[in-house]
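Enquirer: My structure is in protein-v7.cif, and what it holds is mmCIF, C-alpha atoms (C1' of nucleotides); chains and numbers go by the auth columns:
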```
data_query
loop_
_atom_site.group_PDB
_atom_site.id
_atom_site.type_symbol
_atom_site.label_atom_id
_atom_site.label_comp_id
_atom_site.label_asym_id
_atom_site.label_seq_id
_atom_site.Cartn_x
_atom_site.Cartn_y
_atom_site.Cartn_z
_atom_site.B_iso_or_equiv
_atom_site.auth_seq_id
_atom_site.auth_asym_id
ATOM 1 C CA MET A 1 -13.306 -12.482 13.165 0.00 1402 S
ATOM 2 C CA MET A 2 -12.147 -11.596 9.666 0.00 1403 S
ATOM 3 C CA THR A 3 -14.360 -8.623 8.768 0.00 1404 S
ATOM 4 C CA SER A 4 -14.022 -6.059 6.010 0.00 1405 S
ATOM 5 C CA ALA A 5 -13.669 -3.450 8.752 0.00 1406 S
ATOM 6 C CA ASN A 6 -10.577 -5.258 9.985 0.00 1407 S
ATOM 7 C CA ALA A 7 -9.227 -5.473 6.447 0.00 1408 S
ATOM 8 C CA GLU A 8 -9.534 -1.706 6.226 0.00 1409 S
ATOM 9 C CA LEU A 9 -7.818 -1.325 9.598 0.00 1410 S
ATOM 10 C CA ILE A 10 -4.853 -3.362 8.423 0.00 1411 S
ATOM 11 C CA ARG A 11 -4.572 -1.297 5.273 0.00 1412 S
ATOM 12 C CA VAL A 12 -4.589 1.883 7.330 0.00 1413 S
ATOM 13 C CA LEU A 13 -1.961 0.640 9.783 0.00 1414 S
ATOM 14 C CA ALA A 14 0.318 -0.707 7.058 0.00 1415 S
ATOM 15 C CA ASP A 15 1.906 2.692 6.502 0.00 1416 S
ATOM 16 C CA PRO A 16 5.100 3.065 8.605 0.00 1417 S
ATOM 17 C CA LEU A 17 4.380 6.628 9.631 0.00 1418 S
ATOM 18 C CA ARG A 18 0.806 5.828 10.655 0.00 1419 S
ATOM 19 C CA LEU A 19 2.007 2.853 12.665 0.00 1420 S
ATOM 20 C CA ARG A 20 4.537 5.099 14.366 0.00 1421 S
ATOM 21 C CA ILE A 21 1.796 7.603 15.201 0.00 1422 S
ATOM 22 C CA VAL A 22 -0.314 4.831 16.712 0.00 1423 S
ATOM 23 C CA SER A 23 2.634 3.571 18.707 0.00 1424 S
ATOM 24 C CA LEU A 24 3.271 7.059 20.102 0.00 1425 S
ATOM 25 C CA LEU A 25 -0.390 7.683 20.902 0.00 1426 S
ATOM 26 C CA ALA A 26 -0.637 4.375 22.732 0.00 1427 S
ATOM 27 C CA HIS A 27 1.628 5.737 25.448 0.00 1428 S
ATOM 28 C CA GLU A 28 0.538 9.359 25.489 0.00 1429 S
ATOM 29 C CA THR A 29 -2.260 11.506 24.085 0.00 1430 S
ATOM 30 C CA LEU A 30 -0.647 14.137 21.861 0.00 1431 S
ATOM 31 C CA CYS A 31 -1.514 16.977 19.531 0.00 1432 S
ATOM 32 C CA THR A 32 -0.245 17.558 16.025 0.00 1433 S
ATOM 33 C CA THR A 33 2.649 19.757 17.108 0.00 1434 S
ATOM 34 C CA HIS A 34 4.010 17.008 19.342 0.00 1435 S
ATOM 35 C CA LEU A 35 3.725 14.481 16.538 0.00 1436 S
ATOM 36 C CA VAL A 36 5.604 16.805 14.212 0.00 1437 S
ATOM 37 C CA ALA A 37 8.382 17.055 16.796 0.00 1438 S
ATOM 38 C CA GLU A 38 8.448 13.295 17.448 0.00 1439 S
ATOM 39 C CA THR A 39 8.362 12.056 13.878 0.00 1440 S
ATOM 40 C CA GLY A 40 10.093 14.829 11.954 0.00 1441 S
ATOM 41 C CA ALA A 41 7.358 14.687 9.325 0.00 1442 S
ATOM 42 C CA ARG A 42 5.765 17.841 7.975 0.00 1443 S
ATOM 43 C CA GLN A 43 2.578 19.170 9.472 0.00 1444 S
ATOM 44 C CA THR A 44 0.620 18.712 6.263 0.00 1445 S
ATOM 45 C CA ASN A 45 1.746 15.138 5.916 0.00 1446 S
ATOM 46 C CA LEU A 46 0.823 14.311 9.499 0.00 1447 S
ATOM 47 C CA SER A 47 -2.528 16.012 9.156 0.00 1448 S
ATOM 48 C CA ASN A 48 -3.335 13.853 6.146 0.00 1449 S
ATOM 49 C CA HIS A 49 -2.353 10.677 7.987 0.00 1450 S
ATOM 50 C CA LEU A 50 -4.334 11.669 11.069 0.00 1451 S
ATOM 51 C CA ARG A 51 -7.328 12.198 8.827 0.00 1452 S
ATOM 52 C CA VAL A 52 -7.001 8.643 7.540 0.00 1453 S
ATOM 53 C CA LEU A 53 -6.645 7.289 11.066 0.00 1454 S
ATOM 54 C CA ARG A 54 -9.679 9.247 12.227 0.00 1455 S
ATOM 55 C CA GLU A 55 -11.863 8.125 9.332 0.00 1456 S
ATOM 56 C CA ALA A 56 -10.856 4.530 10.039 0.00 1457 S
ATOM 57 C CA GLY A 57 -11.880 4.890 13.677 0.00 1458 S
ATOM 58 C CA VAL A 58 -8.372 4.341 14.986 0.00 1459 S
ATOM 59 C CA VAL A 59 -8.095 7.722 16.692 0.00 1460 S
ATOM 60 C CA GLU A 60 -10.464 10.416 17.901 0.00 1461 S
ATOM 61 C CA THR A 61 -9.897 14.137 18.328 0.00 1462 S
ATOM 62 C CA GLU A 62 -10.371 16.327 21.375 0.00 1463 S
ATOM 63 C CA PRO A 63 -10.169 20.059 20.656 0.00 1464 S
ATOM 64 C CA CYS A 64 -8.343 22.112 23.300 0.00 1465 S
ATOM 65 C CA GLY A 65 -8.289 25.783 22.388 0.00 1466 S
ATOM 66 C CA ARG A 66 -6.460 26.033 19.124 0.00 1467 S
ATOM 67 C CA PHE A 67 -4.801 22.692 19.732 0.00 1468 S
ATOM 68 C CA THR A 68 -6.185 19.314 18.798 0.00 1469 S
ATOM 69 C CA TYR A 69 -5.417 16.296 20.923 0.00 1470 S
ATOM 70 C CA TYR A 70 -5.391 12.893 19.291 0.00 1471 S
ATOM 71 C CA LYS A 71 -6.120 9.808 21.344 0.00 1472 S
ATOM 72 C CA LEU A 72 -6.374 6.161 20.372 0.00 1473 S
ATOM 73 C CA ARG A 73 -9.567 4.129 20.302 0.00 1474 S
ATOM 74 C CA PRO A 74 -8.414 0.828 21.836 0.00 1475 S
ATOM 75 C CA ALA A 75 -11.376 -1.127 20.459 0.00 1476 S
ATOM 76 C CA ALA A 76 -9.976 -0.976 16.929 0.00 1477 S
ATOM 77 C CA LEU A 77 -6.613 -2.363 17.997 0.00 1478 S
ATOM 78 C CA GLU A 78 -8.242 -5.017 20.147 0.00 1479 S
ATOM 79 C CA SER A 79 -10.368 -6.153 17.236 0.00 1480 S
ATOM 80 C CA LEU A 80 -7.254 -6.595 15.136 0.00 1481 S
ATOM 81 C CA GLY A 81 -5.423 -8.388 17.912 0.00 1482 S
ATOM 82 C CA ALA A 82 -8.307 -10.797 18.374 0.00 1483 S
ATOM 83 C CA MET A 83 -8.570 -11.434 14.661 0.00 1484 S
ATOM 84 C CA PHE A 84 -4.912 -12.359 14.260 0.00 1485 S
ATOM 85 C CA GLY A 85 -5.065 -14.461 17.410 0.00 1486 S
ATOM 86 C CA GLU A 86 -8.023 -16.400 16.016 0.00 1487 S
ATOM 87 C CA LEU A 87 -6.358 -16.824 12.647 0.00 1488 S
ATOM 88 C CA ALA A 88 -3.241 -18.156 14.341 0.00 1489 S
ATOM 89 C CA ALA A 89 -5.271 -20.587 16.441 0.00 1490 S
ATOM 90 C CA THR A 90 -7.192 -21.833 13.420 0.00 1491 S
ATOM 91 C CA ALA A 91 -3.958 -22.238 11.478 0.00 1492 S
ATOM 92 C CA ARG A 92 -2.442 -24.243 14.342 0.00 1493 S
ATOM 93 C CA THR A 93 -5.238 -26.794 14.396 0.00 1494 S
ATOM 94 C CA THR A 94 -5.188 -26.953 10.595 0.00 1495 S
ATOM 95 C CA ILE A 95 -1.511 -27.841 10.688 0.00 1496 S
ATOM 96 C CA GLU A 96 -1.751 -30.196 13.685 0.00 1497 S
ATOM 97 C CA THR A 97 -4.546 -32.168 12.025 0.00 1498 S
ATOM 98 C CA ASP A 98 -2.770 -31.907 8.656 0.00 1499 S
ATOM 99 C CA ARG A 99 -5.939 -30.684 7.021 0.00 1500 S
ATOM 100 C CA LYS A 100 -5.237 -30.261 3.312 0.00 1501 S
ATOM 101 C CA ARG A 101 -7.302 -30.354 0.144 0.00 1502 S
ATOM 102 C CA ALA A 102 -6.478 -33.091 -2.395 0.00 1503 S
ATOM 103 C CA CYS A 103 -5.297 -32.061 -5.832 0.00 1504 S
ATOM 104 C CA MET B 1 6.091 -5.876 20.965 0.00 1049 L
ATOM 105 C CA MET B 2 6.332 -3.358 18.131 0.00 1050 L
ATOM 106 C CA THR B 3 9.213 -4.704 16.025 0.00 1051 L
ATOM 107 C CA SER B 4 10.257 -3.883 12.484 0.00 1052 L
ATOM 108 C CA ALA B 5 9.483 -7.494 11.612 0.00 1053 L
ATOM 109 C CA ASN B 6 5.893 -6.905 12.659 0.00 1054 L
ATOM 110 C CA ALA B 7 5.754 -3.703 10.653 0.00 1055 L
ATOM 111 C CA GLU B 8 6.781 -5.704 7.598 0.00 1056 L
ATOM 112 C CA LEU B 9 4.151 -8.322 8.397 0.00 1057 L
ATOM 113 C CA ILE B 10 1.437 -5.688 8.509 0.00 1058 L
ATOM 114 C CA ARG B 11 2.554 -4.285 5.188 0.00 1059 L
ATOM 115 C CA VAL B 12 2.453 -7.741 3.640 0.00 1060 L
ATOM 116 C CA LEU B 13 -1.000 -8.529 5.014 0.00 1061 L
ATOM 117 C CA ALA B 14 -2.449 -5.150 4.032 0.00 1062 L
ATOM 118 C CA ASP B 15 -3.161 -6.314 0.493 0.00 1063 L
ATOM 119 C CA PRO B 16 -6.752 -7.623 0.217 0.00 1064 L
ATOM 120 C CA LEU B 17 -5.838 -10.589 -1.929 0.00 1065 L
ATOM 121 C CA ARG B 18 -2.993 -11.634 0.361 0.00 1066 L
ATOM 122 C CA LEU B 19 -5.254 -11.353 3.387 0.00 1067 L
ATOM 123 C CA ARG B 20 -7.799 -13.512 1.588 0.00 1068 L
ATOM 124 C CA ILE B 21 -5.123 -16.104 0.848 0.00 1069 L
ATOM 125 C CA VAL B 22 -4.100 -16.163 4.500 0.00 1070 L
ATOM 126 C CA SER B 23 -7.712 -16.516 5.581 0.00 1071 L
ATOM 127 C CA LEU B 24 -8.189 -19.481 3.232 0.00 1072 L
ATOM 128 C CA LEU B 25 -4.946 -21.149 4.285 0.00 1073 L
ATOM 129 C CA ALA B 26 -5.846 -20.816 7.947 0.00 1074 L
ATOM 130 C CA HIS B 27 -8.635 -23.357 7.461 0.00 1075 L
ATOM 131 C CA GLU B 28 -7.034 -25.627 4.895 0.00 1076 L
ATOM 132 C CA THR B 29 -3.620 -26.205 3.355 0.00 1077 L
ATOM 133 C CA LEU B 30 -3.961 -25.591 -0.386 0.00 1078 L
ATOM 134 C CA CYS B 31 -1.915 -25.464 -3.567 0.00 1079 L
ATOM 135 C CA THR B 32 -1.861 -22.737 -6.173 0.00 1080 L
ATOM 136 C CA THR B 33 -4.548 -24.317 -8.338 0.00 1081 L
ATOM 137 C CA HIS B 34 -7.000 -24.304 -5.438 0.00 1082 L
ATOM 138 C CA LEU B 35 -6.228 -20.674 -4.669 0.00 1083 L
ATOM 139 C CA VAL B 36 -6.819 -19.740 -8.297 0.00 1084 L
ATOM 140 C CA ALA B 37 -10.211 -21.448 -8.119 0.00 1085 L
ATOM 141 C CA GLU B 38 -11.105 -19.866 -4.763 0.00 1086 L
ATOM 142 C CA THR B 39 -10.048 -16.290 -5.482 0.00 1087 L
ATOM 143 C CA GLY B 40 -10.596 -15.955 -9.218 0.00 1088 L
ATOM 144 C CA ALA B 41 -7.215 -14.266 -9.541 0.00 1089 L
ATOM 145 C CA ARG B 42 -4.782 -15.248 -12.279 0.00 1090 L
ATOM 146 C CA GLN B 43 -2.099 -17.807 -11.622 0.00 1091 L
ATOM 147 C CA THR B 44 0.706 -15.325 -12.227 0.00 1092 L
ATOM 148 C CA ASN B 45 -0.783 -12.837 -9.834 0.00 1093 L
ATOM 149 C CA LEU B 46 -1.237 -15.430 -7.106 0.00 1094 L
ATOM 150 C CA SER B 47 2.267 -16.748 -7.604 0.00 1095 L
ATOM 151 C CA ASN B 48 3.656 -13.266 -7.089 0.00 1096 L
ATOM 152 C CA HIS B 49 1.628 -12.767 -3.904 0.00 1097 L
ATOM 153 C CA LEU B 50 2.622 -16.180 -2.567 0.00 1098 L
ATOM 154 C CA ARG B 51 6.224 -15.237 -3.151 0.00 1099 L
ATOM 155 C CA VAL B 52 5.757 -12.131 -1.001 0.00 1100 L
ATOM 156 C CA LEU B 53 4.047 -14.151 1.725 0.00 1101 L
ATOM 157 C CA ARG B 54 6.801 -16.759 1.668 0.00 1102 L
ATOM 158 C CA GLU B 55 9.606 -14.187 1.846 0.00 1103 L
ATOM 159 C CA ALA B 56 7.837 -12.556 4.786 0.00 1104 L
ATOM 160 C CA GLY B 57 7.667 -15.879 6.624 0.00 1105 L
ATOM 161 C CA VAL B 58 3.873 -15.967 6.606 0.00 1106 L
ATOM 162 C CA VAL B 59 3.614 -19.194 4.611 0.00 1107 L
ATOM 163 C CA GLU B 60 5.859 -22.121 3.783 0.00 1108 L
ATOM 164 C CA THR B 61 5.801 -24.446 0.784 0.00 1109 L
ATOM 165 C CA GLU B 62 5.624 -28.215 0.661 0.00 1110 L
ATOM 166 C CA PRO B 63 6.276 -29.707 -2.793 0.00 1111 L
ATOM 167 C CA CYS B 64 4.058 -32.643 -3.732 0.00 1112 L
ATOM 168 C CA GLY B 65 4.869 -33.985 -7.162 0.00 1113 L
ATOM 169 C CA ARG B 66 4.284 -31.165 -9.559 0.00 1114 L
ATOM 170 C CA PHE B 67 2.017 -29.453 -7.079 0.00 1115 L
ATOM 171 C CA THR B 68 3.043 -27.047 -4.353 0.00 1116 L
ATOM 172 C CA TYR B 69 1.158 -26.929 -1.096 0.00 1117 L
ATOM 173 C CA TYR B 70 1.091 -23.695 0.845 0.00 1118 L
ATOM 174 C CA LYS B 71 0.595 -23.739 4.597 0.00 1119 L
ATOM 175 C CA LEU B 72 0.537 -20.960 7.152 0.00 1120 L
ATOM 176 C CA ARG B 73 3.210 -20.343 9.781 0.00 1121 L
ATOM 177 C CA PRO B 74 1.073 -19.501 12.836 0.00 1122 L
ATOM 178 C CA ALA B 75 3.952 -17.820 14.697 0.00 1123 L
ATOM 179 C CA ALA B 76 3.815 -14.812 12.400 0.00 1124 L
ATOM 180 C CA LEU B 77 0.108 -14.281 12.981 0.00 1125 L
ATOM 181 C CA GLU B 78 0.459 -14.820 16.709 0.00 1126 L
ATOM 182 C CA SER B 79 3.182 -12.208 16.886 0.00 1127 L
ATOM 183 C CA LEU B 80 0.899 -9.707 15.216 0.00 1128 L
ATOM 184 C CA GLY B 81 -2.017 -10.626 17.440 0.00 1129 L
ATOM 185 C CA ALA B 82 0.108 -10.144 20.546 0.00 1130 L
ATOM 186 C CA MET B 83 1.426 -6.825 19.311 0.00 1131 L
ATOM 187 C CA PHE B 84 -2.006 -5.348 18.685 0.00 1132 L
ATOM 188 C CA GLY B 85 -3.242 -6.735 21.982 0.00 1133 L
ATOM 189 C CA GLU B 86 -0.401 -5.032 23.825 0.00 1134 L
ATOM 190 C CA LEU B 87 -0.934 -1.768 21.964 0.00 1135 L
ATOM 191 C CA ALA B 88 -4.626 -1.868 22.871 0.00 1136 L
ATOM 192 C CA ALA B 89 -3.832 -2.545 26.538 0.00 1137 L
ATOM 193 C CA THR B 90 -1.308 0.284 26.667 0.00 1138 L
ATOM 194 C CA ALA B 91 -3.779 2.622 24.989 0.00 1139 L
ATOM 195 C CA ARG B 92 -6.451 1.691 27.531 0.00 1140 L
ATOM 196 C CA THR B 93 -4.330 2.620 30.531 0.00 1141 L
ATOM 197 C CA THR B 94 -3.202 5.805 28.776 0.00 1142 L
ATOM 198 C CA ILE B 95 -6.821 6.826 28.334 0.00 1143 L
ATOM 199 C CA GLU B 96 -7.956 5.685 31.790 0.00 1144 L
ATOM 200 C CA THR B 97 -5.205 7.688 33.484 0.00 1145 L
ATOM 201 C CA ASP B 98 -5.748 10.557 31.017 0.00 1146 L
ATOM 202 C CA ARG B 99 -2.064 10.673 30.258 0.00 1147 L
ATOM 203 C CA LYS B 100 -1.477 13.567 27.864 0.00 1148 L
ATOM 204 C CA ARG B 101 1.417 15.855 27.041 0.00 1149 L
ATOM 205 C CA ALA B 102 0.966 19.574 27.713 0.00 1150 L
ATOM 206 C CA CYS B 103 1.165 21.978 24.792 0.00 1151 L
ATOM 207 C "C1'" DC C 1 -8.660 44.944 15.431 0.00 1271 Q
ATOM 208 C "C1'" DA C 2 -4.419 43.151 13.629 0.00 1272 Q
ATOM 209 C "C1'" DA C 3 -0.953 39.475 14.044 0.00 1273 Q
ATOM 210 C "C1'" DT C 4 0.316 34.904 15.113 0.00 1274 Q
ATOM 211 C "C1'" DG C 5 0.072 30.038 15.655 0.00 1275 Q
ATOM 212 C "C1'" DG C 6 -2.203 25.375 15.217 0.00 1276 Q
ATOM 213 C "C1'" DC C 7 -4.404 22.736 12.075 0.00 1277 Q
ATOM 214 C "C1'" DA C 8 -7.235 21.283 7.842 0.00 1278 Q
ATOM 215 C "C1'" DT C 9 -8.023 21.121 2.878 0.00 1279 Q
ATOM 216 C "C1'" DC C 10 -6.736 20.737 -1.842 0.00 1280 Q
ATOM 217 C "C1'" DA C 11 -4.433 19.772 -6.250 0.00 1281 Q
ATOM 218 C "C1'" DG C 12 -0.198 18.266 -8.204 0.00 1282 Q
ATOM 219 C "C1'" DT C 13 3.826 15.110 -8.315 0.00 1283 Q
ATOM 220 C "C1'" DG C 14 6.524 11.078 -7.779 0.00 1284 Q
ATOM 221 C "C1'" DA C 15 7.406 6.499 -6.252 0.00 1285 Q
ATOM 222 C "C1'" DA C 16 5.975 2.018 -4.757 0.00 1286 Q
ATOM 223 C "C1'" DA C 17 3.540 -1.905 -5.935 0.00 1287 Q
ATOM 224 C "C1'" DA C 18 -0.334 -4.721 -7.911 0.00 1288 Q
ATOM 225 C "C1'" DC C 19 -1.557 -6.808 -12.102 0.00 1289 Q
ATOM 226 C "C1'" DT C 20 -0.736 -8.776 -16.729 0.00 1290 Q
ATOM 227 C "C1'" DG C 21 1.238 -11.512 -20.831 0.00 1291 Q
ATOM 228 C "C1'" DA C 22 5.000 -13.983 -22.386 0.00 1292 Q
ATOM 229 C "C1'" DT C 23 8.109 -17.371 -21.352 0.00 1293 Q
ATOM 230 C "C1'" DG C 24 10.850 -20.978 -18.883 0.00 1294 Q
ATOM 231 C "C1'" DT C 25 11.311 -25.235 -15.912 0.00 1295 Q
ATOM 232 C "C1'" DG C 26 10.454 -29.527 -13.942 0.00 1296 Q
ATOM 233 C "C1'" DA C 27 7.464 -33.384 -13.039 0.00 1297 Q
ATOM 234 C "C1'" DA C 28 4.038 -36.616 -14.447 0.00 1298 Q
ATOM 235 C "C1'" DA C 29 1.127 -38.710 -18.000 0.00 1299 Q
ATOM 236 C "C1'" DG C 30 0.489 -40.674 -22.508 0.00 1300 Q
ATOM 237 C "C1'" DC D 1 10.213 -39.295 -26.020 0.00 21 O
ATOM 238 C "C1'" DT D 2 6.543 -36.043 -26.476 0.00 22 O
ATOM 239 C "C1'" DT D 3 2.886 -33.729 -24.419 0.00 23 O
ATOM 240 C "C1'" DT D 4 0.668 -31.691 -20.715 0.00 24 O
ATOM 241 C "C1'" DC D 5 0.164 -29.492 -16.487 0.00 25 O
ATOM 242 C "C1'" DA D 6 1.531 -26.832 -12.134 0.00 26 O
ATOM 243 C "C1'" DC D 7 4.143 -23.290 -11.034 0.00 27 O
ATOM 244 C "C1'" DA D 8 7.902 -19.599 -11.178 0.00 28 O
ATOM 245 C "C1'" DT D 9 10.150 -15.681 -13.283 0.00 29 O
ATOM 246 C "C1'" DC D 10 10.451 -11.430 -15.734 0.00 30 O
ATOM 247 C "C1'" DA D 11 9.496 -7.021 -18.003 0.00 31 O
ATOM 248 C "C1'" DG D 12 6.002 -3.795 -18.975 0.00 32 O
ATOM 249 C "C1'" DT D 13 1.784 -1.261 -17.734 0.00 33 O
ATOM 250 C "C1'" DT D 14 -1.361 0.676 -14.707 0.00 34 O
ATOM 251 C "C1'" DT D 15 -2.962 2.047 -10.436 0.00 35 O
ATOM 252 C "C1'" DT D 16 -2.649 3.373 -5.869 0.00 36 O
ATOM 253 C "C1'" DC D 17 -1.039 6.403 -2.489 0.00 37 O
ATOM 254 C "C1'" DA D 18 2.390 8.981 0.274 0.00 38 O
ATOM 255 C "C1'" DC D 19 4.270 13.428 0.193 0.00 39 O
ATOM 256 C "C1'" DT D 20 4.531 18.392 -0.838 0.00 40 O
ATOM 257 C "C1'" DG D 21 3.405 23.538 -1.342 0.00 41 O
ATOM 258 C "C1'" DA D 22 -0.135 26.766 -1.368 0.00 42 O
ATOM 259 C "C1'" DT D 23 -3.890 28.355 0.884 0.00 43 O
ATOM 260 C "C1'" DG D 24 -7.711 29.090 4.206 0.00 44 O
ATOM 261 C "C1'" DC D 25 -10.021 28.813 8.721 0.00 45 O
ATOM 262 C "C1'" DC D 26 -10.359 29.440 13.547 0.00 46 O
ATOM 263 C "C1'" DA D 27 -8.757 30.587 18.076 0.00 47 O
ATOM 264 C "C1'" DT D 28 -5.542 32.981 20.908 0.00 48 O
ATOM 265 C "C1'" DT D 29 -2.402 36.866 21.818 0.00 49 O
ATOM 266 C "C1'" DG D 30 -0.879 41.530 21.721 0.00 50 O
#
```
The structure in this file should be written as structure tokens.
Expert:
Amino acid sequence: MMTSANAELIRVLADPLRLRIVSLLAHETLCTTHLVAETGARQTNLSNHLRVLREAGVVETEPCGRFTYYKLRPAALESLGAMFGELAATARTTIETDRKRAC
Amino acid sequence: MMTSANAELIRVLADPLRLRIVSLLAHETLCTTHLVAETGARQTNLSNHLRVLREAGVVETEPCGRFTYYKLRPAALESLGAMFGELAATARTTIETDRKRAC
DNA sequence: CAATGGCATCAGTGAAAACTGATGTGAAAG
DNA sequence: CTTTCACATCAGTTTTCACTGATGCCATTG
């Protein structure tokens, strides 16, 4: 469905660096140091982006000593995937039935 | 898959007004006048957003006299839906197998 | 207890981009 | 032919937001 929560998710994932983070975390749970090494971005910058991702419910943290692991919450991504799939399906039937408003 | 084309699609759909346009067009093919009435946005503003959507391959135009119909291209949305679905699936197995990098 | 390392917070800066008003174009209506 | 309407283009303004440096906190290490 097309919820305001999903709209916020899209906004959050629109940033290239955040999308890269998500892509990395999908394959492997990592901590900030790893993400710094993988992306080449500065620690402060990454920390700010991870904050945004956490507040949006895309990732969750798991403290481990003085490290902090970041792992994805698949539900958020699944919600987005379903939404775009539904939109595509609706659009297909709209086009196949040539449903248009008169002007 | 996680392509640069999909990254561009996400960026384009991150704007609230553009997402609203896409949501409207999914159910019904419309022209600019209708979208002005539905969204309350100014004609110039909508025209600029529709330009972005067209250049990104999200919509296509169909001239009709002095009107211009806008219709969705479902392939773009399906590509996004598949990408997020795959990311979610990958993230699920990563979490289930507790795959994490040592630090 | 000091020193170090991992990470978060904050305020400031710069760049990207959304929005607007003015204007142009082409098609239909009169 | 003139007017009107739908829409596009463009330049200017404003706003949003990514990025940075400075700083502080907490946990480990020596």
Enquirer: Pull out every residue of chain O that has at least one atom within 8 Å of chain L, counting all atoms listed in the file, and report them as a VMD selection string.
Expert: chain O and resid 26 to 28
Enquirer: If the PyMOL selection byres ((chain L) within 9 of (chain S)) were run on this exact file, what residues would it hold? Put them as a JSON list (two decimals) with C-alpha atoms, in the coordinates of the input.
Expert:
```
[["chain", "number", "residue", "atom", "x", "y", "z"],
["L", 1050, "MET", "CA", 6.33, -3.36, 18.13],
["L", 1055, "ALA", "CA", 5.75, -3.70, 10.65],
["L", 1056, "GLU", "CA", 6.78, -5.70, 7.60],
["L", 1057, "LEU", "CA", 4.15, -8.32, 8.40],
["L", 1058, "ILE", "CA", 1.44, -5.69, 8.51],
["L", 1059, "ARG", "CA", 2.55, -4.28, 5.19],
["L", 1060, "VAL", "CA", 2.45, -7.74, 3.64],
["L", 1061, "LEU", "CA", -1.00, -8.53, 5.01],
["L", 1062, "ALA", "CA", -2.45, -5.15, 4.03],
["L", 1063, "ASP", "CA", -3.16, -6.31, 0.49],
["L", 1064, "PRO", "CA", -6.75, -7.62, 0.22],
["L", 1067, "LEU", "CA", -5.25, -11.35, 3.39],
["L", 1070, "VAL", "CA", -4.10, -16.16, 4.50],
["L", 1071, "SER", "CA", -7.71, -16.52, 5.58],
["L", 1073, "LEU", "CA", -4.95, -21.15, 4.28],
["L", 1074, "ALA", "CA", -5.85, -20.82, 7.95],
["L", 1075, "HIS", "CA", -8.64, -23.36, 7.46],
["L", 1076, "GLU", "CA", -7.03, -25.63, 4.89],
["L", 1077, "THR", "CA", -3.62, -26.20, 3.36],
["L", 1078, "LEU", "CA", -3.96, -25.59, -0.39],
["L", 1079, "CYS", "CA", -1.92, -25.46, -3.57],
["L", 1081, "THR", "CA", -4.55, -24.32, -8.34],
["L", 1082, "HIS", "CA", -7.00, -24.30, -5.44],
["L", 1115, "PHE", "CA", 2.02, -29.45, -7.08],
["L", 1117, "TYR", "CA", 1.16, -26.93, -1.10],
["L", 1119, "LYS", "CA", 0.60, -23.74, 4.60],
["L", 1120, "LEU", "CA", 0.54, -20.96, 7.15],
["L", 1121, "ARG", "CA", 3.21, -20.34, 9.78],
["L", 1122, "PRO", "CA", 1.07, -19.50, 12.84],
["L", 1123, "ALA", "CA", 3.95, -17.82, 14.70],
["L", 1124, "ALA", "CA", 3.82, -14.81, 12.40],
["L", 1125, "LEU", "CA", 0.11, -14.28, 12.98],
["L", 1126, "GLU", "CA", 0.46, -14.82, 16.71],
["L", 1127, "SER", "CA", 3.18, -12.21, 16.89],
["L", 1128, "LEU", "CA", 0.90, -9.71, 15.22],
["L", 1129, "GLY", "CA", -2.02, -10.63, 17.44],
["L", 1130, "ALA", "CA", 0.11, -10.14, 20.55],
["L", 1131, "MET", "CA", 1.43, -6.82, 19.31],
["L", 1132, "PHE", "CA", -2.01, -5.35, 18.68],
["L", 1133, "GLY", "CA", -3.24, -6.74, 21.98],
["L", 1134, "GLU", "CA", -0.40, -5.03, 23.82],
["L", 1135, "LEU", "CA", -0.93, -1.77, 21.96],
["L", 1136, "ALA", "CA", -4.63, -1.87, 22.87],
["L", 1137, "ALA", "CA", -3.83, -2.54, 26.54],
["L", 1138, "THR", "CA", -1.31, 0.28, 26.67],
["L", 1139, "ALA", "CA", -3.78, 2.62, 24.99],
["L", 1140, "ARG", "CA", -6.45, 1.69, 27.53],
["L", 1141, "THR", "CA", -4.33, 2.62, 30.53],
["L", 1142, "THR", "CA", -3.20, 5.80, 28.78],
["L", 1143, "ILE", "CA", -6.82, 6.83, 28.33],
["L", 1146, "ASP", "CA", -5.75, 10.56, 31.02],
["L", 1147, "ARG", "CA", -2.06, 10.67, 30.26],
["L", 1148, "LYS", "CA", -1.48, 13.57, 27.86],
["L", 1149, "ARG", "CA", 1.42, 15.86, 27.04],
["L", 1150, "ALA", "CA", 0.97, 19.57, 27.71],
["L", 1151, "CYS", "CA", 1.16, 21.98, 24.79]]
```
Enquirer: Kindly provide, as lines of an AutoDock Vina configuration file, the centre and edge lengths (Å, one decimal) of an axis-aligned box around all atoms of region 40-48 of chain O given in the file, with 6 Å on each side.
Expert:
```
center_x = -2.9
center_y = 25.7
center_z = 9.8
size_x = 26.9
size_y = 26.6
size_z = 34.3
```
Enquirer: What would the selection look like, as a PyMOL selection string, if the PyMOL selection byres ((chain Q and resi 1293) around 12) were run on the coordinates I just shared?
Expert: (chain L and resi 1092) or (chain Q and resi 1291-1292+1294-1295) or (chain O and resi 28-31)
Enquirer: Could you name the residues that touch DT49 (chain O) at 12 Å or less, counting all atoms listed in the file, but leaving out those on the same chain fewer than 6 positions away, as a PyMOL selection string?
Expert: (chain S and resi 1467) or (chain Q and resi 1272-1275)
Enquirer: Kindly save the residues from that selection, with C-alpha atoms (C1' of nucleotides) included, as a compact mmCIF listing (two decimals), keeping the file's coordinate frame.
Expert:
```txt
# COMPACT_ATOMS: atom_id res chain seq x y z
CA ARG S 1467 -6.46 26.03 19.12
C1' DA Q 1272 -4.42 43.15 13.63
C1' DA Q 1273 -0.95 39.48 14.04
C1' DT Q 1274 0.32 34.90 15.11
C1' DG Q 1275 0.07 30.04 15.66
```
Enquirer: Give me, as a list in words, the contact residues of chain Q against chain L at a cut-off of 9 Å, counting only C-alpha atoms (C1' of nucleotides).
Expert: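 Those within range of chain L come out as DA1288, DC1289, DT1290, DG1296, DA1297 and DA1298 of chain Q.
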Enquirer: Could you state the separation of C1' of DG44 (chain O) and C1' of DG1282 (chain Q) in Å, given to one decimal place?
Expert: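 We find that C1' of DG44 (chain O) and C1' of DG1282 (chain Q) lie 18.1 Å from each other.
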